[in-house]
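Enquirer: This one is final08.cif, mmCIF, C-alpha atoms.
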```
data_data
#
loop_
_atom_site.group_PDB
_atom_site.id
_atom_site.type_symbol
_atom_site.label_atom_id
_atom_site.label_comp_id
_atom_site.auth_asym_id
_atom_site.auth_seq_id
_atom_site.Cartn_x
_atom_site.Cartn_y
_atom_site.Cartn_z
ATOM 1 C CA MET K 3 -11.095 -18.475 107.215
ATOM 2 C CA ALA K 4 -11.765 -22.191 106.998
ATOM 3 C CA ARG K 5 -12.655 -21.892 103.306
ATOM 4 C CA GLN K 6 -9.443 -19.988 102.549
ATOM 5 C CA LEU K 7 -7.230 -22.432 104.420
ATOM 6 C CA ALA K 8 -8.952 -25.461 102.881
ATOM 7 C CA ALA K 9 -8.398 -23.921 99.451
ATOM 8 C CA GLU K 10 -4.694 -23.638 100.355
ATOM 9 C CA GLY K 11 -4.649 -27.393 100.933
ATOM 10 C CA CYS K 12 -4.920 -27.482 104.729
ATOM 11 C CA GLN K 13 -6.521 -30.282 106.691
ATOM 12 C CA LEU K 14 -8.498 -28.521 109.416
ATOM 13 C CA ALA K 15 -9.498 -29.151 113.005
ATOM 14 C CA LEU K 16 -12.457 -26.818 113.562
ATOM 15 C CA HIS K 17 -13.572 -25.928 117.071
ATOM 16 C CA TYR K 18 -17.087 -24.813 117.954
ATOM 17 C CA LYS K 19 -18.932 -24.216 121.201
ATOM 18 C CA ARG K 20 -22.645 -24.831 120.516
ATOM 19 C CA SER K 21 -23.065 -24.409 116.747
ATOM 20 C CA ALA K 22 -22.924 -28.084 115.815
ATOM 21 C CA ALA K 23 -25.271 -27.771 112.839
ATOM 22 C CA ASP K 24 -23.343 -24.815 111.377
ATOM 23 C CA ALA K 25 -20.039 -26.590 111.912
ATOM 24 C CA GLU K 26 -21.261 -29.727 110.148
ATOM 25 C CA ALA K 27 -22.667 -27.670 107.256
ATOM 26 C CA LEU K 28 -19.275 -26.022 106.801
ATOM 27 C CA ALA K 29 -17.515 -29.383 106.992
ATOM 28 C CA GLN K 30 -19.801 -30.783 104.296
ATOM 29 C CA GLU K 31 -19.058 -27.782 102.070
ATOM 30 C CA LEU K 32 -15.309 -28.206 102.511
ATOM 31 C CA ARG K 33 -15.539 -31.930 101.754
ATOM 32 C CA ALA K 34 -17.436 -31.242 98.542
ATOM 33 C CA ARG K 35 -15.275 -28.348 97.339
ATOM 34 C CA HIS K 36 -11.799 -29.329 98.404
ATOM 35 C CA GLY K 37 -11.851 -33.029 99.166
ATOM 36 C CA THR K 38 -10.744 -32.322 102.710
ATOM 37 C CA GLU K 39 -12.080 -34.065 105.803
ATOM 38 C CA PRO K 40 -12.324 -31.516 108.649
ATOM 39 C CA LEU K 41 -12.246 -32.683 112.231
ATOM 40 C CA LEU K 42 -14.999 -31.021 114.297
ATOM 41 C CA ILE K 43 -14.361 -30.602 118.025
ATOM 42 C CA ALA K 44 -16.893 -29.130 120.463
ATOM 43 C CA GLY K 45 -15.796 -27.364 123.609
ATOM 44 C CA ASP K 46 -16.240 -24.371 125.884
ATOM 45 C CA LEU K 47 -12.992 -22.388 125.946
ATOM 46 C CA ALA K 48 -13.925 -20.991 129.360
ATOM 47 C CA ASP K 49 -13.288 -24.505 130.694
ATOM 48 C CA PRO K 50 -9.586 -24.744 131.631
ATOM 49 C CA GLU K 51 -9.507 -28.380 130.464
ATOM 50 C CA THR K 52 -10.637 -27.576 126.920
ATOM 51 C CA PRO K 53 -7.324 -26.461 125.315
ATOM 52 C CA ALA K 54 -5.525 -29.706 126.102
ATOM 53 C CA ARG K 55 -8.522 -31.782 125.054
ATOM 54 C CA LEU K 56 -8.796 -29.951 121.717
ATOM 55 C CA MET K 57 -5.106 -30.369 120.979
ATOM 56 C CA ASP K 58 -5.097 -34.034 121.975
ATOM 57 C CA ALA K 59 -7.995 -34.685 119.595
ATOM 58 C CA ALA K 60 -6.305 -32.846 116.717
ATOM 59 C CA ILE K 61 -2.979 -34.622 117.152
ATOM 60 C CA GLU K 62 -4.600 -38.025 117.547
ATOM 61 C CA HIS K 63 -6.511 -37.450 114.301
ATOM 62 C CA PHE K 64 -3.849 -35.780 112.128
ATOM 63 C CA GLY K 65 -0.578 -36.769 113.782
ATOM 64 C CA CYS K 66 1.030 -33.325 113.392
ATOM 65 C CA LEU K 67 0.316 -29.598 113.540
ATOM 66 C CA HIS K 68 1.487 -26.797 111.266
ATOM 67 C CA GLY K 69 -0.626 -23.848 112.375
ATOM 68 C CA LEU K 70 -2.947 -22.562 115.081
ATOM 69 C CA VAL K 71 -5.521 -19.786 114.570
ATOM 70 C CA ASN K 72 -6.976 -18.379 117.791
ATOM 71 C CA ASN K 73 -10.189 -16.846 116.522
ATOM 72 C CA ALA K 74 -12.825 -17.433 119.235
ATOM 73 C CA SER K 75 -14.227 -14.174 120.583
ATOM 74 C CA LEU K 76 -16.967 -12.648 122.706
ATOM 75 C CA TYR K 77 -18.414 -9.261 121.713
ATOM 76 C CA SER K 78 -20.850 -7.784 124.176
ATOM 77 C CA PRO K 79 -21.241 -4.418 125.930
ATOM 78 C CA ALA K 80 -20.331 -3.787 129.567
ATOM 79 C CA PRO K 81 -20.939 -0.111 130.432
ATOM 80 C CA PHE K 82 -18.479 1.349 132.914
ATOM 81 C CA GLY K 83 -20.050 1.507 136.366
ATOM 82 C CA ALA K 84 -21.983 -1.684 135.739
ATOM 83 C CA ILE K 85 -19.088 -4.023 134.870
ATOM 84 C CA THR K 86 -19.191 -7.226 136.906
ATOM 85 C CA PRO K 87 -16.430 -9.705 137.715
ATOM 86 C CA GLY K 88 -18.321 -12.140 135.513
ATOM 87 C CA ASP K 89 -18.138 -9.742 132.543
ATOM 88 C CA TRP K 90 -14.379 -9.527 132.943
ATOM 89 C CA ALA K 91 -13.856 -13.234 133.570
ATOM 90 C CA ALA K 92 -15.812 -14.225 130.451
ATOM 91 C CA MET K 93 -13.781 -11.934 128.193
ATOM 92 C CA GLU K 94 -10.453 -12.818 129.792
ATOM 93 C CA ALA K 95 -11.126 -16.543 129.493
ATOM 94 C CA VAL K 96 -11.742 -16.454 125.743
ATOM 95 C CA HIS K 97 -9.480 -13.602 124.612
ATOM 96 C CA LEU K 98 -6.435 -14.302 126.795
ATOM 97 C CA ARG K 99 -6.466 -17.543 128.760
ATOM 98 C CA ALA K 100 -7.609 -19.821 125.948
ATOM 99 C CA PRO K 101 -5.110 -18.484 123.352
ATOM 100 C CA LEU K 102 -2.287 -18.731 125.884
ATOM 101 C CA PHE K 103 -2.979 -22.314 126.893
ATOM 102 C CA LEU K 104 -3.913 -23.472 123.392
ATOM 103 C CA THR K 105 -0.558 -22.135 122.210
ATOM 104 C CA GLN K 106 1.242 -23.735 125.122
ATOM 105 C CA VAL K 107 -0.138 -27.196 124.401
ATOM 106 C CA ALA K 108 0.395 -26.691 120.655
ATOM 107 C CA ALA K 109 4.004 -25.517 120.946
ATOM 108 C CA PRO K 110 5.732 -28.941 121.083
ATOM 109 C CA TYR K 111 4.008 -29.966 117.854
ATOM 110 C CA LEU K 112 4.538 -26.617 116.114
ATOM 111 C CA ARG K 113 8.256 -26.734 116.903
ATOM 112 C CA LYS K 114 8.544 -29.993 114.969
ATOM 113 C CA THR K 115 7.060 -28.383 111.834
ATOM 114 C CA SER K 116 8.393 -24.806 112.233
ATOM 115 C CA GLY K 117 4.746 -23.830 112.438
ATOM 116 C CA ALA K 118 2.958 -20.572 113.134
ATOM 117 C CA VAL K 119 0.276 -19.080 115.363
ATOM 118 C CA VAL K 120 -2.139 -16.344 114.297
ATOM 119 C CA ASN K 121 -4.298 -14.576 116.884
ATOM 120 C CA ILE K 122 -7.339 -12.576 115.817
ATOM 121 C CA GLY K 123 -7.386 -9.182 117.491
ATOM 122 C CA ASP K 124 -9.413 -6.052 116.783
ATOM 123 C CA ILE K 125 -8.623 -2.421 116.001
ATOM 124 C CA HIS K 126 -10.399 -1.631 119.287
ATOM 125 C CA ALA K 127 -7.430 -3.146 121.092
ATOM 126 C CA GLU K 128 -5.668 0.097 120.135
ATOM 127 C CA ILE K 129 -8.704 2.410 119.867
ATOM 128 C CA PRO K 130 -10.919 1.330 122.797
ATOM 129 C CA LEU K 131 -14.638 1.169 122.110
ATOM 130 C CA ARG K 132 -16.733 3.086 124.614
ATOM 131 C CA GLY K 133 -19.082 0.821 126.549
ATOM 132 C CA TYR K 134 -16.999 -2.251 125.714
ATOM 133 C CA LEU K 135 -14.163 -1.913 128.219
ATOM 134 C CA PRO K 136 -13.602 -5.617 129.055
ATOM 135 C CA TYR K 137 -13.724 -6.466 125.348
ATOM 136 C CA SER K 138 -11.298 -3.718 124.312
ATOM 137 C CA VAL K 139 -8.834 -4.309 127.159
ATOM 138 C CA THR K 140 -8.687 -8.092 126.790
ATOM 139 C CA LYS K 141 -8.192 -7.726 123.041
ATOM 140 C CA ALA K 142 -5.322 -5.347 123.848
ATOM 141 C CA GLY K 143 -3.977 -8.061 126.112
ATOM 142 C CA LEU K 144 -4.126 -10.479 123.200
ATOM 143 C CA LEU K 145 -1.827 -8.193 121.196
ATOM 144 C CA ALA K 146 0.606 -8.130 124.130
ATOM 145 C CA LEU K 147 0.341 -11.915 124.358
ATOM 146 C CA THR K 148 1.168 -12.161 120.653
ATOM 147 C CA ARG K 149 4.399 -10.217 121.111
ATOM 148 C CA ALA K 150 5.339 -12.102 124.269
ATOM 149 C CA LEU K 151 4.749 -15.482 122.631
ATOM 150 C CA ALA K 152 6.830 -14.451 119.617
ATOM 151 C CA LYS K 153 9.777 -13.982 121.999
ATOM 152 C CA GLU K 154 9.082 -17.143 123.955
ATOM 153 C CA LEU K 155 8.632 -19.423 120.933
ATOM 154 C CA GLY K 156 11.192 -18.128 118.461
ATOM 155 C CA PRO K 157 13.118 -19.120 116.502
ATOM 156 C CA GLU K 158 11.130 -22.247 115.634
ATOM 157 C CA ILE K 159 7.584 -20.850 115.848
ATOM 158 C CA ARG K 160 6.307 -17.548 114.479
ATOM 159 C CA VAL K 161 3.437 -15.771 116.312
ATOM 160 C CA ASN K 162 1.465 -12.897 114.772
ATOM 161 C CA SER K 163 -1.983 -11.333 114.947
ATOM 162 C CA VAL K 164 -4.552 -9.860 112.579
ATOM 163 C CA SER K 165 -6.729 -6.938 113.680
ATOM 164 C CA PRO K 166 -9.878 -6.450 111.583
ATOM 165 C CA GLY K 167 -11.626 -3.135 111.205
ATOM 166 C CA VAL K 168 -15.101 -2.708 109.737
ATOM 167 C CA VAL K 169 -15.696 -6.116 108.158
ATOM 168 C CA LEU K 170 -18.993 -7.467 109.523
ATOM 169 C CA TRP K 171 -21.644 -5.531 111.418
ATOM 170 C CA ALA K 172 -22.598 -7.009 114.788
ATOM 171 C CA GLU K 173 -26.180 -8.294 114.676
ATOM 172 C CA ASP K 174 -27.109 -5.825 111.905
ATOM 173 C CA LYS K 175 -27.137 -2.988 114.438
ATOM 174 C CA ASP K 176 -25.453 0.388 114.324
ATOM 175 C CA PRO K 177 -22.112 0.267 116.161
ATOM 176 C CA PRO K 178 -21.814 2.073 119.509
ATOM 177 C CA ASP K 179 -19.372 4.667 118.134
ATOM 178 C CA GLY K 180 -21.614 5.958 115.332
ATOM 179 C CA ASP K 181 -23.839 4.771 112.526
ATOM 180 C CA GLN K 182 -22.660 2.448 109.783
ATOM 181 C CA GLN K 183 -22.376 5.114 107.093
ATOM 182 C CA GLY K 184 -20.462 7.380 109.457
ATOM 183 C CA LEU K 185 -17.912 4.667 110.133
ATOM 184 C CA ILE K 186 -17.501 4.015 106.427
ATOM 185 C CA GLU K 187 -16.806 7.723 105.905
ATOM 186 C CA ARG K 188 -14.130 7.570 108.632
ATOM 187 C CA ASN K 189 -12.283 4.980 106.592
ATOM 188 C CA ALA K 190 -9.653 5.808 103.977
ATOM 189 C CA LEU K 191 -11.052 3.297 101.464
ATOM 190 C CA LYS K 192 -14.696 4.385 102.085
ATOM 191 C CA ARG K 193 -16.050 0.855 102.107
ATOM 192 C CA VAL K 194 -16.567 -2.167 104.310
ATOM 193 C CA GLY K 195 -14.061 -4.995 104.167
ATOM 194 C CA SER K 196 -14.924 -8.644 103.632
ATOM 195 C CA PRO K 197 -14.254 -11.822 105.597
ATOM 196 C CA GLU K 198 -12.043 -12.840 102.680
ATOM 197 C CA ASP K 199 -9.756 -9.877 103.450
ATOM 198 C CA ILE K 200 -9.164 -11.268 106.933
ATOM 199 C CA ALA K 201 -8.775 -14.826 105.701
ATOM 200 C CA GLY K 202 -6.183 -13.702 103.165
ATOM 201 C CA ALA K 203 -4.189 -11.957 105.885
ATOM 202 C CA ILE K 204 -4.232 -15.119 107.998
ATOM 203 C CA ALA K 205 -3.054 -17.236 105.069
ATOM 204 C CA TYR K 206 -0.238 -14.754 104.404
ATOM 205 C CA LEU K 207 1.002 -14.919 107.989
ATOM 206 C CA LEU K 208 0.761 -18.706 108.091
ATOM 207 C CA PHE K 209 2.380 -19.514 104.750
ATOM 208 C CA ASP K 210 4.091 -16.539 103.125
ATOM 209 C CA ALA K 211 5.755 -14.529 105.904
ATOM 210 C CA PRO K 212 8.787 -16.566 107.041
ATOM 211 C CA TYR K 213 10.556 -13.490 108.469
ATOM 212 C CA VAL K 214 7.540 -11.945 110.213
ATOM 213 C CA THR K 215 6.863 -12.587 113.893
ATOM 214 C CA GLY K 216 5.490 -10.539 116.774
ATOM 215 C CA HIS K 217 3.575 -8.401 114.276
ATOM 216 C CA ASN K 218 -0.028 -7.166 114.327
ATOM 217 C CA LEU K 219 -1.390 -6.885 110.780
ATOM 218 C CA VAL K 220 -4.207 -4.310 110.759
ATOM 219 C CA VAL K 221 -6.804 -4.964 108.045
ATOM 220 C CA ASP K 222 -9.111 -1.988 108.398
ATOM 221 C CA GLY K 223 -9.221 -0.067 105.109
ATOM 222 C CA GLY K 224 -7.487 2.839 106.816
ATOM 223 C CA ARG K 225 -9.940 3.158 109.723
ATOM 224 C CA MET K 226 -7.135 3.744 112.252
ATOM 225 C CA LEU K 227 -5.982 6.803 110.295
ATOM 226 C CA TYR K 228 -9.060 8.641 111.581
#
```
Before we go any further, please render this structure as structure tokens.
Expert:
Amino acid sequence: MARQLAAEGCQLALHYKRSAADAEALAQELRARHGTEPLLIAGDLADPETPARLMDAAIEHFGCLHGLVNNASLYSPAPFGAITPGDWAAMEAVHLRAPLFLTQVAAPYLRKTSGAVVNIGDIHAEIPLRGYLPYSVTKAGLLALTRALAKELGPEIRVNSVSPGVVLWAEDKDPPDGDQQGLIERNALKRVGSPEDIAGAIAYLLFDAPYVTGHNLVVDGGRMLY
């Protein structure tokens, strides 16, 4: 996503939680390839103070804001019957609370530029994944948040989401709803997507969709047809 947006000419504020070395390596790559100078900001999105701190840092550095991509996510199992309040709170904090309050603190700056917000969902928001109830339900909440924010922030700010299908395998393990080859067969295009497919969808919604808001763009190769 960062590579695609840098190639489009964006100056980027990149958030990370603990992966400082990976973030710096990406920043160095973007400097070398695109002549951009990314701003790296560390923070735990479960901390209620983080959204305002991230936005303050970005505005102080760049002076304006044209787009916000809410991409942070947790993906971990929580079998029904063993779900804890902590399981729910962790998912809700990252998938719902952080996007809401990041958007809220970003809104005054996005209104000035007629900017856009893109939230990253998941096809399992609409087809829940067994054994991942807090994940699936909070991602479904993110789609509802997308539509609600589109109403709240129009007409100046557009708000959309992108829901990936089979793009990257989690930890090189078979998914909980079948093996990898089986999932590929239950996909109209019979292949795995790429991160570039998702990045291209984000760029479209940010730059090339002036009459699209409140929409969830599913990028799944036809997985939801099965």
Enquirer: Evaluate the PyMOL selection byres ((chain K and resi 45-53) around 10) here and jot the selected residues down as a ChimeraX atom specification.
Expert: /K:17-20,43-44,54-58,74-75,91-97,99-108
Enquirer: Between K:Val71, K:Ala118, K:Ala4, K:Ala22, which has the minimum distance to Thr38 in chain K (counting only C-alpha atoms)?
Expert: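 Once distances to Thr38 in chain K are computed over only C-alpha atoms, the minimum belongs to K:Ala4.
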Enquirer: For the structure shown, which residues end up in the PyMOL selection byres ((chain K and resi 194) around 8)? Put them as a ChimeraX atom specification, please?
Expert: /K:168-170,186,192-193,195-196,223
Enquirer: Translate the PyMOL selection byres ((chain K and resi 164-167) around 6) into a concrete residue list for this structure, as a VMD selection string.
Expert: chain K and resid 122 to 125 163 168 to 169 218 to 222
Enquirer: Can you pull out every residue within 8 Å of Tyr111 in chain K, counting all atoms listed in the file, but drop anything in the same chain fewer than 5 positions away, and send it as a ChimeraX atom specification?
Expert: /K:66-68
Enquirer: Since we have the selection now, will you write its residues out, keeping C-alpha atoms, as a CSV table (one decimal), in the frame of the given file?
Expert:
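Output below, filename part.csv:
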```csv
chain,number,residue,atom,x,y,z
K,66,CYS,CA,1.0,-33.3,113.4
K,67,LEU,CA,0.3,-29.6,113.5
K,68,HIS,CA,1.5,-26.8,111.3
```
Enquirer: Return the single residue from K:Gln182, K:Glu158, K:Gly117, K:Ser78 that is closest to Pro136 in chain K, with distances computed using all atoms listed in the file.
Expert: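 Looking at the shortest contact to Pro136 in chain K, the residue is K:Ser78.
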Enquirer: Rounded to one decimal place, report the CA of Leu147 in chain K-CA of Leu135 in chain K distance in Å.
Expert: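 For CA of Leu147 in chain K relative to CA of Leu135 in chain K, the distance reads 18.0 Å.
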Enquirer: What is the CA of His63 in chain K-CA of Pro40 in chain K distance in Å, reported with one decimal?
Expert: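 Those two atoms sit 10.0 Å apart.
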Enquirer: Could you tell me which of K:Gly69, K:Gly216, K:Gly88, K:Gly37 comes closest to Val161 in chain K if we count all atoms listed in the file?
Expert: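 Of all the options, K:Gly216 lies closest to Val161 in chain K.
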Enquirer: Which residue, K:Glu62, K:Val119, K:Leu28, K:His217, has the smallest gap to Arg149 in chain K when you use all atoms listed in the file?
Expert: K:His217
Enquirer: Of the candidates K:Ala146, K:Leu227, K:Leu131, K:Ala205, which shows the shortest atom-to-atom distance to Pro79 in chain K, using all atoms listed in the file?
Expert: K:Leu131
Enquirer: Edge lengths and centre in Å to one decimal, as lines of an AutoDock Vina configuration file, is what I'm after for the box along x, y and z that holds all listed atoms of range 181-188 of chain K once 4 Å is added on each side.
Expert:
```
center_x = -19.0
center_y = 5.1
center_z = 109.2
size_x = 17.7
size_y = 13.3
size_z = 14.6
```
Enquirer: I'd like the neighbourhood of Glu31 in chain K as number ranges by chain, where a residue qualifies if any of its atoms comes within 12 Å (using only C-alpha atoms), though same-chain residues fewer than 4 positions away should be ignored.
Expert: K: 4-5, 8-9, 24-27, 35-40
Enquirer: Hey, which of K:Leu155, K:Ala150, K:Pro81, K:Tyr228 ends up closest to Arg132 in chain K? Count only C-alpha atoms.
Expert: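 Going through K:Leu155, K:Ala150, K:Pro81, K:Tyr228 one by one, the smallest distance to Arg132 in chain K is for K:Pro81.
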Enquirer: Just to confirm, what's the straight-line distance from CA of His126 in chain K to CA of Asp89 in chain K in Å (one decimal)?
Expert: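 These atoms are spaced 17.4 Å apart.
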Enquirer: Would you list the residues near (11.8, -13.3, 109.7), meaning any protein, DNA or RNA residue with an atom at most 12 Å from that point in file coordinates, counting all atoms listed in the file, as a PDB file with C-alpha atoms, in the frame of the given file?
Expert:
```pdb
ATOM      1  CA  ALA K 118       2.958 -20.572 113.134  1.00  0.00           C
ATOM      2  CA  ALA K 152       6.830 -14.451 119.617  1.00  0.00           C
ATOM      3  CA  GLY K 156      11.192 -18.128 118.461  1.00  0.00           C
ATOM      4  CA  PRO K 157      13.118 -19.120 116.502  1.00  0.00           C
ATOM      5  CA  GLU K 158      11.130 -22.247 115.634  1.00  0.00           C
ATOM      6  CA  ILE K 159       7.584 -20.850 115.848  1.00  0.00           C
ATOM      7  CA  ARG K 160       6.307 -17.548 114.479  1.00  0.00           C
ATOM      8  CA  VAL K 161       3.437 -15.771 116.312  1.00  0.00           C
ATOM      9  CA  ASN K 162       1.465 -12.897 114.772  1.00  0.00           C
ATOM     10  CA  LEU K 207       1.002 -14.919 107.989  1.00  0.00           C
ATOM     11  CA  ASP K 210       4.091 -16.539 103.125  1.00  0.00           C
ATOM     12  CA  ALA K 211       5.755 -14.529 105.904  1.00  0.00           C
ATOM     13  CA  PRO K 212       8.787 -16.566 107.041  1.00  0.00           C
ATOM     14  CA  TYR K 213      10.556 -13.490 108.469  1.00  0.00           C
ATOM     15  CA  VAL K 214       7.540 -11.945 110.213  1.00  0.00           C
ATOM     16  CA  THR K 215       6.863 -12.587 113.893  1.00  0.00           C
ATOM     17  CA  GLY K 216       5.490 -10.539 116.774  1.00  0.00           C
ATOM     18  CA  HIS K 217       3.575  -8.401 114.276  1.00  0.00           C
TER      19      HIS K 217
END
```
